[in-house]
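Below: final29.txt (compact mmCIF, C-alpha atoms)
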# COMPACT_ATOMS: atom_id res chain seq x y z
CA MET G 574 11.99 17.77 -1.62
CA ALA G 575 8.44 17.43 -0.25
CA LYS G 576 9.58 16.28 3.18
CA GLN G 577 11.64 19.43 3.69
CA ILE G 578 8.77 21.60 2.49
CA ILE G 579 6.51 20.09 5.18
CA LEU G 580 9.11 20.54 7.91
CA ASP G 581 9.83 24.12 6.82
CA LEU G 582 6.12 24.90 6.73
CA PHE G 583 5.65 23.49 10.25
CA ASP G 584 8.56 25.69 11.36
CA GLN G 585 6.66 28.73 10.04
CA LYS G 586 9.07 29.25 7.15
CA LYS G 587 7.89 30.39 3.73
CA VAL G 588 7.57 27.63 1.14
CA ASP G 589 7.10 27.94 -2.60
CA ARG G 590 3.89 25.91 -2.94
CA VAL G 591 0.89 24.57 -1.07
CA PRO G 592 1.42 20.95 0.02
CA VAL G 593 -1.22 18.21 -0.11
CA GLY G 594 -2.01 15.50 2.44
CA LEU G 595 -5.02 13.19 2.03
CA TRP G 596 -5.43 9.69 3.41
CA TRP G 597 -7.55 6.55 3.55
CA HIS G 598 -7.31 2.97 4.83
CA PHE G 599 -5.57 0.22 2.88
CA THR G 600 -7.07 -2.72 4.77
CA ASP G 601 -10.68 -3.69 5.38
CA SER G 602 -12.35 -2.62 8.64
CA SER G 603 -13.19 -6.26 9.38
CA GLU G 604 -9.45 -6.90 9.79
CA TRP G 605 -8.71 -4.11 12.24
CA GLY G 606 -9.20 -6.19 15.36
CA ALA G 607 -7.72 -9.41 14.02
CA GLY G 608 -4.07 -8.56 14.54
CA THR G 609 -1.40 -8.45 11.92
CA ASN G 610 -0.03 -11.17 9.70
CA GLU G 611 2.59 -10.86 7.00
CA GLN G 612 0.07 -10.76 4.15
CA VAL G 613 -1.91 -7.93 5.73
CA PHE G 614 1.30 -6.17 6.73
CA GLN G 615 2.50 -6.18 3.13
CA ARG G 616 -0.86 -4.93 1.88
CA ALA G 617 -0.73 -2.02 4.31
CA PHE G 618 2.88 -1.24 3.44
CA GLU G 619 2.43 -1.47 -0.32
CA GLY G 620 -0.83 0.47 -0.24
CA HIS G 621 0.71 3.42 1.60
CA ARG G 622 3.91 3.33 -0.43
CA ASP G 623 2.30 3.03 -3.86
CA TYR G 624 -0.27 5.72 -3.12
CA ALA G 625 2.37 8.19 -1.92
CA LYS G 626 4.47 7.57 -5.02
CA GLU G 627 1.66 7.60 -7.58
CA ALA G 628 0.07 10.78 -6.19
CA ARG G 629 3.47 12.42 -5.52
CA LEU G 630 2.06 13.04 -2.05
CA ASP G 631 3.70 15.63 0.19
CA LEU G 632 2.43 14.33 3.53
CA LEU G 633 1.50 10.71 4.21
CA LYS G 634 -0.56 9.97 7.31
CA VAL G 635 -0.05 6.25 7.99
CA MET G 636 -3.20 4.44 9.05
CA PRO G 637 -3.04 2.18 12.14
CA ASP G 638 -5.46 -0.34 10.59
CA VAL G 639 -4.65 -3.72 12.23
CA TYR G 640 -3.05 -1.97 15.23
CA PHE G 641 -6.24 -0.71 16.84
CA VAL G 642 -6.38 -3.29 19.65
CA LEU G 643 -3.57 -2.99 22.20
CA PRO G 644 -2.43 -6.38 23.60
CA ASN G 645 -2.99 -5.30 27.21
CA LEU G 646 -6.51 -4.06 26.47
CA ASP G 647 -7.60 -6.94 24.24
CA GLY G 648 -10.99 -8.06 25.55
CA VAL G 649 -10.85 -5.83 28.64
CA ASP G 650 -14.36 -4.83 29.77
CA ILE G 651 -14.15 -1.09 30.42
CA THR G 652 -17.25 -1.27 32.64
CA ASP G 653 -15.39 -3.64 35.01
CA ALA G 654 -13.16 -1.76 37.47
CA GLY G 655 -11.20 -4.89 38.38
CA GLN G 656 -10.22 -5.58 34.77
CA LEU G 657 -9.13 -1.98 34.29
CA LEU G 658 -6.99 -2.04 37.45
CA ALA G 659 -5.30 -5.23 36.20
CA VAL G 660 -4.02 -3.54 33.02
CA ARG G 661 -0.22 -3.59 32.88
CA PRO G 662 2.25 -2.13 30.35
CA VAL G 663 2.85 -3.99 27.11
CA GLY G 664 6.56 -3.28 26.82
CA ALA G 665 8.21 -1.29 24.07
CA TYR G 666 9.48 -4.35 22.19
CA ASP G 667 6.30 -6.39 22.09
CA PRO G 668 5.65 -7.81 18.58
CA PHE G 669 2.62 -5.51 18.39
CA TYR G 670 4.96 -2.53 18.48
CA GLU G 671 7.76 -4.17 16.51
CA ASN G 672 5.49 -4.49 13.49
CA GLN G 673 4.43 -0.84 13.66
CA VAL G 674 8.05 0.28 13.85
CA ARG G 675 8.90 -2.01 10.93
CA LEU G 676 6.02 -0.63 8.85
CA ILE G 677 7.05 2.98 9.36
CA ARG G 678 10.76 2.28 8.85
CA GLN G 679 10.06 0.55 5.53
CA LEU G 680 7.96 3.50 4.41
CA THR G 681 10.53 6.11 5.40
CA ASP G 682 13.26 4.08 3.69
CA GLU G 683 11.23 3.74 0.48
CA LEU G 684 9.90 7.29 0.32
CA GLY G 685 13.05 9.05 1.45
CA ASN G 686 12.86 12.82 1.04
CA ASP G 687 9.91 12.66 -1.38
CA THR G 688 7.15 12.38 1.25
CA ALA G 689 6.91 13.30 4.93
CA VAL G 690 5.67 10.30 6.94
CA PHE G 691 3.40 10.74 9.99
CA PRO G 692 2.21 7.55 11.75
CA THR G 693 -1.03 7.72 13.73
CA VAL G 694 -1.16 7.62 17.52
CA PHE G 695 -4.54 7.91 19.23
CA SER G 696 -5.49 9.31 22.60
CA PRO G 697 -5.67 6.41 25.11
CA TYR G 698 -9.47 6.46 25.21
CA TYR G 699 -9.63 5.36 21.58
CA TYR G 700 -7.84 2.14 22.51
CA LEU G 701 -10.23 1.63 25.41
CA LEU G 702 -13.10 1.94 22.95
CA PHE G 703 -11.40 -0.56 20.62
CA SER G 704 -10.79 -3.14 23.37
CA GLN G 705 -13.72 -5.32 22.21
CA LEU G 706 -12.94 -5.12 18.51
CA ARG G 707 -11.29 -8.54 18.27
CA THR G 708 -13.39 -10.42 20.84
CA LYS G 709 -16.82 -9.05 19.92
CA GLY G 710 -16.21 -7.61 16.46
CA LYS G 711 -17.32 -4.16 17.52
CA ALA G 712 -15.96 -1.22 19.47
CA ASN G 713 -17.31 -0.08 22.82
CA THR G 714 -19.76 2.78 22.60
CA GLU G 715 -19.26 6.27 23.94
CA ALA G 716 -22.10 5.54 26.39
CA GLU G 717 -20.16 2.60 27.85
CA LEU G 718 -17.05 4.75 28.25
CA ALA G 719 -19.12 7.49 29.91
CA LYS G 720 -20.53 4.89 32.30
CA ALA G 721 -17.00 3.82 33.22
CA VAL G 722 -16.00 7.44 33.80
CA LYS G 723 -18.88 7.93 36.22
CA GLU G 724 -18.76 4.59 38.04
CA HIS G 725 -15.01 3.99 38.47
CA PRO G 726 -12.98 6.98 37.29
CA GLU G 727 -9.82 5.99 39.19
CA ALA G 728 -9.75 2.49 37.70
CA LEU G 729 -10.30 3.95 34.25
CA LYS G 730 -7.61 6.56 34.86
CA HIS G 731 -5.20 3.79 35.86
CA ALA G 732 -5.72 2.06 32.50
CA VAL G 733 -5.47 5.38 30.64
CA ASP G 734 -2.17 6.17 32.36
CA VAL G 735 -0.72 2.72 31.62
CA VAL G 736 -1.69 2.99 27.97
CA ALA G 737 -0.16 6.46 27.84
CA GLN G 738 3.23 5.05 28.86
CA ASP G 739 2.93 2.38 26.15
CA LEU G 740 2.11 5.02 23.54
CA ILE G 741 5.04 7.18 24.64
CA ALA G 742 7.39 4.22 24.24
CA LEU G 743 5.92 3.46 20.80
CA SER G 744 6.09 7.09 19.68
CA ARG G 745 9.73 7.36 20.68
CA ARG G 746 10.58 4.32 18.59
CA LEU G 747 8.55 5.53 15.61
CA LEU G 748 10.38 8.86 15.65
CA ALA G 749 13.89 7.69 16.53
CA GLU G 750 14.21 4.20 15.04
CA ALA G 751 11.65 4.29 12.24
CA LYS G 752 12.60 7.87 11.25
CA ALA G 753 9.04 9.18 11.15
CA ASP G 754 8.92 12.92 10.56
CA GLY G 755 6.31 13.50 13.24
CA ILE G 756 3.21 11.98 14.83
CA PHE G 757 -0.41 12.35 13.75
CA TYR G 758 -2.04 12.57 17.19
CA ALA G 759 -5.80 11.97 17.19
CA VAL G 760 -8.19 13.31 19.86
CA HIS G 761 -11.81 14.43 20.14
CA ASN G 762 -14.48 15.47 22.63
CA PHE G 763 -17.50 13.41 23.66
CA LYS G 764 -21.20 14.15 23.82
CA THR G 765 -21.71 12.19 27.06
CA ILE G 766 -18.49 12.94 28.99
CA GLY G 767 -18.36 16.34 30.65
CA LYS G 768 -15.38 18.66 30.47
CA GLY G 769 -14.53 18.20 34.14
CA ASP G 770 -14.39 14.42 33.81
CA TYR G 771 -12.38 14.69 30.60
CA LEU G 772 -9.86 17.00 32.29
CA ASN G 773 -9.54 14.62 35.23
CA VAL G 774 -9.38 11.22 33.51
CA PHE G 775 -7.95 11.82 30.04
CA THR G 776 -6.19 15.19 29.79
CA PRO G 777 -3.16 14.47 32.02
CA ALA G 778 -2.27 11.37 29.96
CA GLU G 779 -2.99 13.08 26.64
CA ARG G 780 -0.84 16.05 27.54
CA LEU G 781 2.00 13.82 28.76
CA ILE G 782 1.99 11.89 25.47
CA ALA G 783 2.06 15.15 23.50
CA ASP G 784 4.91 16.50 25.63
CA GLU G 785 7.00 13.35 25.27
CA ILE G 786 6.46 13.21 21.51
CA ALA G 787 7.53 16.84 21.14
CA ALA G 788 10.62 16.20 23.25
CA VAL G 789 11.83 13.70 20.63
CA LYS G 790 10.70 15.46 17.46
CA ASP G 791 8.51 18.55 17.60
CA TYR G 792 6.43 18.09 14.44
CA THR G 793 3.10 16.87 15.80
CA ILE G 794 -0.14 17.12 13.84
CA LEU G 795 -3.08 17.36 16.25
CA HIS G 796 -6.15 15.79 14.66
CA VAL G 797 -9.34 16.92 16.38
CA CYS G 798 -11.80 14.42 14.99
CA GLY G 799 -15.26 15.53 13.92
CA SER G 800 -16.80 12.10 13.41
CA ILE G 801 -19.16 12.37 16.40
CA GLY G 802 -21.09 15.14 14.72
CA VAL G 803 -20.89 17.80 17.43
CA PRO G 804 -18.46 20.73 17.64
CA ASN G 805 -15.29 20.18 19.67
CA ASP G 806 -14.09 22.31 22.56
CA PHE G 807 -10.62 23.24 21.29
CA SER G 808 -9.75 24.88 24.62
CA LEU G 809 -9.07 21.38 25.95
CA TYR G 810 -5.97 21.25 23.75
CA ALA G 811 -4.80 24.83 24.13
CA ASN G 812 -1.62 23.86 25.98
CA TYR G 813 -0.74 20.76 24.01
CA PRO G 814 2.47 21.06 21.96
CA TYR G 815 1.69 20.66 18.26
CA LYS G 816 2.62 22.48 15.08
CA ALA G 817 -0.26 21.64 12.76
CA LEU G 818 -4.01 21.23 13.26
CA ASN G 819 -6.18 18.93 11.18
CA TYR G 820 -9.89 19.43 11.86
CA ALA G 821 -13.24 18.74 10.21
CA VAL G 822 -14.47 21.90 8.51
CA SER G 823 -17.86 20.33 7.89
CA ASN G 824 -18.26 19.47 11.58
CA GLU G 825 -16.86 22.58 13.26
CA LYS G 826 -18.56 24.99 10.85
CA PHE G 827 -15.63 27.38 10.55
CA SER G 828 -13.53 27.84 7.44
CA LEU G 829 -9.82 27.30 6.90
CA ALA G 830 -9.38 31.09 6.94
CA GLU G 831 -11.16 31.29 10.30
CA ALA G 832 -8.99 28.44 11.60
CA LYS G 833 -5.91 30.47 10.72
CA ARG G 834 -7.29 33.39 12.71
CA ARG G 835 -8.14 31.20 15.70
CA PHE G 836 -4.81 29.37 15.65
CA PRO G 837 -2.31 31.96 14.42
CA ASP G 838 0.79 29.92 15.28
CA LYS G 839 -0.38 26.64 13.68
CA VAL G 840 -0.35 25.17 10.19
CA ILE G 841 -3.91 24.24 9.18
CA ILE G 842 -4.59 20.95 7.37
CA GLY G 843 -7.95 20.27 5.76
CA GLY G 844 -10.59 21.65 3.45
CA PHE G 845 -12.29 18.75 1.67
CA SER G 846 -15.32 17.19 3.33
CA THR G 847 -15.27 13.43 3.88
CA LYS G 848 -19.05 13.05 3.78
CA PRO G 849 -20.35 10.59 1.16
CA ASP G 850 -21.83 13.36 -1.00
CA SER G 851 -18.58 15.34 -1.05
CA ILE G 852 -17.09 16.62 -4.29
CA ILE G 853 -13.87 14.76 -3.57
CA TYR G 854 -15.69 11.53 -4.45
CA SER G 855 -17.89 12.68 -7.32
CA GLY G 856 -15.73 15.39 -8.88
CA ASN G 857 -13.87 15.09 -12.15
CA ARG G 858 -10.46 16.63 -12.75
CA GLU G 859 -11.80 20.08 -13.58
CA GLN G 860 -14.13 20.15 -10.56
CA LEU G 861 -11.52 18.92 -8.09
CA GLN G 862 -8.98 21.43 -9.30
CA ALA G 863 -11.54 24.24 -9.12
CA GLU G 864 -12.37 23.28 -5.53
CA THR G 865 -8.67 23.14 -4.67
CA GLU G 866 -8.23 26.64 -6.06
CA ARG G 867 -11.25 27.87 -4.09
CA LEU G 868 -9.93 26.45 -0.83
CA VAL G 869 -6.47 27.97 -1.28
CA SER G 870 -7.88 31.31 -2.43
CA GLU G 871 -10.19 31.47 0.59
CA ALA G 872 -7.57 30.47 3.15
CA GLY G 873 -4.39 31.94 1.68
CA ARG G 874 -1.27 30.05 0.69
CA ASP G 875 0.65 30.44 3.93
CA ARG G 876 0.35 27.91 6.80
CA LEU G 877 -1.83 25.59 4.73
CA VAL G 878 -1.83 21.93 3.71
CA VAL G 879 -4.73 20.94 1.46
CA GLY G 880 -6.36 17.96 3.14
CA ALA G 881 -9.69 16.63 4.34
CA ASP G 882 -11.77 16.35 7.49
CA CYS G 883 -10.59 12.82 8.26
CA SER G 884 -10.03 9.49 6.50
CA LEU G 885 -11.64 9.27 3.08
CA ILE G 886 -13.73 6.47 1.62
CA PRO G 887 -11.29 4.42 -0.49
CA GLU G 888 -13.89 2.91 -2.82
CA TYR G 889 -14.47 6.31 -4.42
CA LEU G 890 -10.88 7.52 -4.56
CA SER G 891 -7.64 6.85 -6.39
CA PRO G 892 -4.09 8.18 -6.36
CA GLU G 893 -4.94 9.77 -9.72
CA LYS G 894 -7.63 11.98 -8.15
CA VAL G 895 -5.24 13.12 -5.45
CA ALA G 896 -2.62 13.79 -8.13
CA TRP G 897 -5.13 16.16 -9.84
CA ILE G 898 -5.55 18.04 -6.57
CA LYS G 899 -1.82 18.18 -6.05
CA GLU G 900 -1.22 19.35 -9.63
CA LYS G 901 -3.46 22.35 -8.99
CA ALA G 902 -2.08 23.09 -5.53
CA ASP G 903 1.46 23.05 -6.93
CA ALA G 904 0.49 25.67 -9.49
CA LEU G 905 -1.16 28.13 -7.08

Written form, structure tokens:
Amino acid sequence: MAKQIILDLFDQKKVDRVPVGLWWHFTDSSEWGAGTNEQVFQRAFEGHRDYAKEARLDLLKVMPDVYFVLPNLDGVDITDAGQLLAVRPVGAYDPFYENQVRLIRQLTDELGNDTAVFPTVFSPYYYLLFSQLRTKGKANTEAELAKAVKEHPEALKHAVDVVAQDLIALSRRLLAEAKADGIFYAVHNFKTIGKGDYLNVFTPAERLIADEIAAVKDYTILHVCGSIGVPNDFSLYANYPYKALNYAVSNEKFSLAEAKRRFPDKVIIGGFSTKPDSIIYSGNREQLQAETERLVSEAGRDRLVVGADCSLIPEYLSPEKVAWIKEKADAL
């Protein structure tokens, strides 16, 4: 049972093979700020379900897709202190959350013990960045968030703390009601926000979310995103409770083997680059299996899930390609 293998691995138990977890979006980015409807919901559900089954996937990270824009942040101008101070909790049973719980519950029901299911929860600042996605069709920039941090940190912190409580309520429901196996918790550093400001405005809420998730079910994957193109300061997350680390090898410039040395009590997830010229897009069966073997040989079989830096480009992938990778990983 793949689910049990993932849970055993996260508990530092020996398992008889190297699991695989790779993911991509099943809706178009133009839909992410539009809110859900039943047609899009079914496309997201069926995409995740069919992929997990066809690839015989061990670990399924469920994409948030149409759930990027929180109802209480929809259209909020993060450079306006008054709008930030007016942010109030959504409520655990808002339709926005009901649909996410329904999506995960349907996936856990369908996949059973065959695949471990990990829905995505972002750090609150992601949702602040996404606040303009529906109204303007684009996310806020890091520069705008940095401006808010400098000009009205307390107002911003208020919104961050409110969102944190919403995300805690959602996470509890995903784990308890929807039967998710754990949470895929996404964070990253910024180029324009200093460590002191990060520790003051974002860290208390981030840590609280991580603590509350672990109190319900202690199988968190911490995803330290490498999409901004600069190395992350992992010391920011040193005291967060999590059992597995997914990071971008191509961004951080240290190997899976080095990650195991740096984080000796964590399972490491990753290996394949998500850059457009990566072998995961261009490789045939023989090449993908050779790269899988290289990654496992370099890192060692223990405390490892073969994965990628982040979300992959769906136009160049298929469940069949992932099945080739899994076939090789199973045999190593």

Separating CA of Tyr700 (chain G) from CA of Lys839 (chain G), to the nearest tenth of an Å, is a gap of 27.1 Å

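The smallest atom-to-atom distance between Ala896 (chain G) and any of G:Ala607, G:Ala737, G:Leu818, G:Leu861, using all atoms listed in the file, is found for G:Leu861.
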
Taken to one decimal, the CA of Ile651 (chain G)-CA of Trp597 (chain G) distance is 28.7 Å

Would you kindly identify which residues have an atom no farther than 6 Å from (-10.9, 8.5, 33.0), using all atoms listed in the file and the file's own coordinates, and write them out as a VMD selection string?
chain G and resid 722 726 729 to 730 774 to 775

Residue with the minimum atom-to-atom distance to Thr693 (chain G), picked from G:Lys634, G:His725, G:Lys709, G:Arg834 with all atoms listed in the file counted, is G:Lys634

Correct to one decimal, the distance CA of Leu702 (chain G)-CA of Asn762 (chain G) is 13.6 Å

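Counting only C-alpha atoms, the residue from G:Glu715, G:Asp682, G:Asp806, G:Asp650 that sits nearest to Ala753 (chain G) is G:Asp682.
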
Selection: 10 Å around region 660-677 of chain G, only C-alpha atoms, excl. self and same-chain fewer than 3 positions, as an mmCIF file with C-alpha atoms, in the frame of the given file:
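Below is the file that was written, selection21.cif:
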data_model
loop_
_atom_site.group_PDB
_atom_site.id
_atom_site.type_symbol
_atom_site.label_atom_id
_atom_site.label_comp_id
_atom_site.auth_asym_id
_atom_site.auth_seq_id
_atom_site.Cartn_x
_atom_site.Cartn_y
_atom_site.Cartn_z
ATOM 1 C CA GLY G 608 -4.070 -8.560 14.540
ATOM 2 C CA THR G 609 -1.400 -8.450 11.920
ATOM 3 C CA ASN G 610 -0.030 -11.170 9.700
ATOM 4 C CA GLU G 611 2.590 -10.860 7.000
ATOM 5 C CA PHE G 614 1.300 -6.170 6.730
ATOM 6 C CA GLN G 615 2.500 -6.180 3.130
ATOM 7 C CA ALA G 617 -0.730 -2.020 4.310
ATOM 8 C CA PHE G 618 2.880 -1.240 3.440
ATOM 9 C CA GLU G 619 2.430 -1.470 -0.320
ATOM 10 C CA HIS G 621 0.710 3.420 1.600
ATOM 11 C CA VAL G 635 -0.050 6.250 7.990
ATOM 12 C CA PRO G 637 -3.040 2.180 12.140
ATOM 13 C CA VAL G 639 -4.650 -3.720 12.230
ATOM 14 C CA TYR G 640 -3.050 -1.970 15.230
ATOM 15 C CA VAL G 642 -6.380 -3.290 19.650
ATOM 16 C CA LEU G 643 -3.570 -2.990 22.200
ATOM 17 C CA PRO G 644 -2.430 -6.380 23.600
ATOM 18 C CA ASN G 645 -2.990 -5.300 27.210
ATOM 19 C CA LEU G 646 -6.510 -4.060 26.470
ATOM 20 C CA VAL G 649 -10.850 -5.830 28.640
ATOM 21 C CA GLY G 655 -11.200 -4.890 38.380
ATOM 22 C CA GLN G 656 -10.220 -5.580 34.770
ATOM 23 C CA LEU G 657 -9.130 -1.980 34.290
ATOM 24 C CA LEU G 680 7.960 3.500 4.410
ATOM 25 C CA THR G 681 10.530 6.110 5.400
ATOM 26 C CA ASP G 682 13.260 4.080 3.690
ATOM 27 C CA GLU G 683 11.230 3.740 0.480
ATOM 28 C CA VAL G 690 5.670 10.300 6.940
ATOM 29 C CA PHE G 691 3.400 10.740 9.990
ATOM 30 C CA PRO G 692 2.210 7.550 11.750
ATOM 31 C CA ALA G 728 -9.750 2.490 37.700
ATOM 32 C CA LEU G 729 -10.300 3.950 34.250
ATOM 33 C CA HIS G 731 -5.200 3.790 35.860
ATOM 34 C CA ALA G 732 -5.720 2.060 32.500
ATOM 35 C CA VAL G 733 -5.470 5.380 30.640
ATOM 36 C CA ASP G 734 -2.170 6.170 32.360
ATOM 37 C CA VAL G 735 -0.720 2.720 31.620
ATOM 38 C CA VAL G 736 -1.690 2.990 27.970
ATOM 39 C CA ALA G 737 -0.160 6.460 27.840
ATOM 40 C CA GLN G 738 3.230 5.050 28.860
ATOM 41 C CA ASP G 739 2.930 2.380 26.150
ATOM 42 C CA LEU G 740 2.110 5.020 23.540
ATOM 43 C CA ILE G 741 5.040 7.180 24.640
ATOM 44 C CA ALA G 742 7.390 4.220 24.240
ATOM 45 C CA LEU G 743 5.920 3.460 20.800
ATOM 46 C CA SER G 744 6.090 7.090 19.680
ATOM 47 C CA ARG G 745 9.730 7.360 20.680
ATOM 48 C CA ARG G 746 10.580 4.320 18.590
ATOM 49 C CA LEU G 747 8.550 5.530 15.610
ATOM 50 C CA LEU G 748 10.380 8.860 15.650
ATOM 51 C CA ALA G 749 13.890 7.690 16.530
ATOM 52 C CA GLU G 750 14.210 4.200 15.040
ATOM 53 C CA ALA G 751 11.650 4.290 12.240
ATOM 54 C CA LYS G 752 12.600 7.870 11.250
ATOM 55 C CA ALA G 753 9.040 9.180 11.150
#

Shortest contact to Asp631 (chain G), candidates G:Val803, G:Ala783, G:Ala872, G:Val878, atoms counted only C-alpha atoms, goes to G:Val878

Handout entry: Thr793 (chain G) surroundings by all atoms listed in the file, 12 Å radius, close-in-sequence under 3 positions cut, as a PyMOL selection string
Key = chain G and resi 579-580+583-584+634+690-694+744+748+753-759+782-790+796+813-819+839-840

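Using all atoms listed in the file, the residues found no farther than 12 Å from Ser851 (chain G), other than those of its own chain fewer than 2 positions away, are Ser823, Gly844, Phe845, Ser846, Thr847, Lys848, Pro849, Ile853, Tyr854, Ser855, Gly856, Gln860, Leu861, Glu864, Ala881, Asp882, Leu885, Ile886, Tyr889 and Leu890 of chain G.
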
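Minimum distance to Ala716 (chain G) across G:Asn857, G:Thr765, G:Asn812, G:Asn824 (counting all atoms listed in the file) occurs at G:Thr765.
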
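Across G:Pro804, G:Pro592, G:Pro837, G:Gly606, the tightest approach to Ile578 (chain G) is made by G:Pro592 when counting only C-alpha atoms.
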
Give me, as JSON, numbers by chain, all polymer residues having an atom no more than 12 Å from Val869 (chain G), counting all atoms listed in the file and skipping those fewer than 3 positions away in the same chain.
{"G": [590, 591, 592, 593, 828, 829, 830, 841, 842, 843, 844, 845, 862, 863, 864, 865, 866, 872, 873, 874, 875, 876, 877, 878, 879, 880, 898, 899, 901, 902, 903, 904, 905]}

How about saving the chosen residues, C-alpha atoms kept, as a PDB file, in the frame of the given file?
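File written: part-v4.pdb
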ATOM      1  CA  ARG G 590       3.890  25.910  -2.940  1.00  0.00           C
ATOM      2  CA  VAL G 591       0.890  24.570  -1.070  1.00  0.00           C
ATOM      3  CA  PRO G 592       1.420  20.950   0.020  1.00  0.00           C
ATOM      4  CA  VAL G 593      -1.220  18.210  -0.110  1.00  0.00           C
ATOM      5  CA  SER G 828     -13.530  27.840   7.440  1.00  0.00           C
ATOM      6  CA  LEU G 829      -9.820  27.300   6.900  1.00  0.00           C
ATOM      7  CA  ALA G 830      -9.380  31.090   6.940  1.00  0.00           C
ATOM      8  CA  ILE G 841      -3.910  24.240   9.180  1.00  0.00           C
ATOM      9  CA  ILE G 842      -4.590  20.950   7.370  1.00  0.00           C
ATOM     10  CA  GLY G 843      -7.950  20.270   5.760  1.00  0.00           C
ATOM     11  CA  GLY G 844     -10.590  21.650   3.450  1.00  0.00           C
ATOM     12  CA  PHE G 845     -12.290  18.750   1.670  1.00  0.00           C
ATOM     13  CA  GLN G 862      -8.980  21.430  -9.300  1.00  0.00           C
ATOM     14  CA  ALA G 863     -11.540  24.240  -9.120  1.00  0.00           C
ATOM     15  CA  GLU G 864     -12.370  23.280  -5.530  1.00  0.00           C
ATOM     16  CA  THR G 865      -8.670  23.140  -4.670  1.00  0.00           C
ATOM     17  CA  GLU G 866      -8.230  26.640  -6.060  1.00  0.00           C
ATOM     18  CA  ALA G 872      -7.570  30.470   3.150  1.00  0.00           C
ATOM     19  CA  GLY G 873      -4.390  31.940   1.680  1.00  0.00           C
ATOM     20  CA  ARG G 874      -1.270  30.050   0.690  1.00  0.00           C
ATOM     21  CA  ASP G 875       0.650  30.440   3.930  1.00  0.00           C
ATOM     22  CA  ARG G 876       0.350  27.910   6.800  1.00  0.00           C
ATOM     23  CA  LEU G 877      -1.830  25.590   4.730  1.00  0.00           C
ATOM     24  CA  VAL G 878      -1.830  21.930   3.710  1.00  0.00           C
ATOM     25  CA  VAL G 879      -4.730  20.940   1.460  1.00  0.00           C
ATOM     26  CA  GLY G 880      -6.360  17.960   3.140  1.00  0.00           C
ATOM     27  CA  ILE G 898      -5.550  18.040  -6.570  1.00  0.00           C
ATOM     28  CA  LYS G 899      -1.820  18.180  -6.050  1.00  0.00           C
ATOM     29  CA  LYS G 901      -3.460  22.350  -8.990  1.00  0.00           C
ATOM     30  CA  ALA G 902      -2.080  23.090  -5.530  1.00  0.00           C
ATOM     31  CA  ASP G 903       1.460  23.050  -6.930  1.00  0.00           C
ATOM     32  CA  ALA G 904       0.490  25.670  -9.490  1.00  0.00           C
ATOM     33  CA  LEU G 905      -1.160  28.130  -7.080  1.00  0.00           C
TER      34      LEU G 905
END
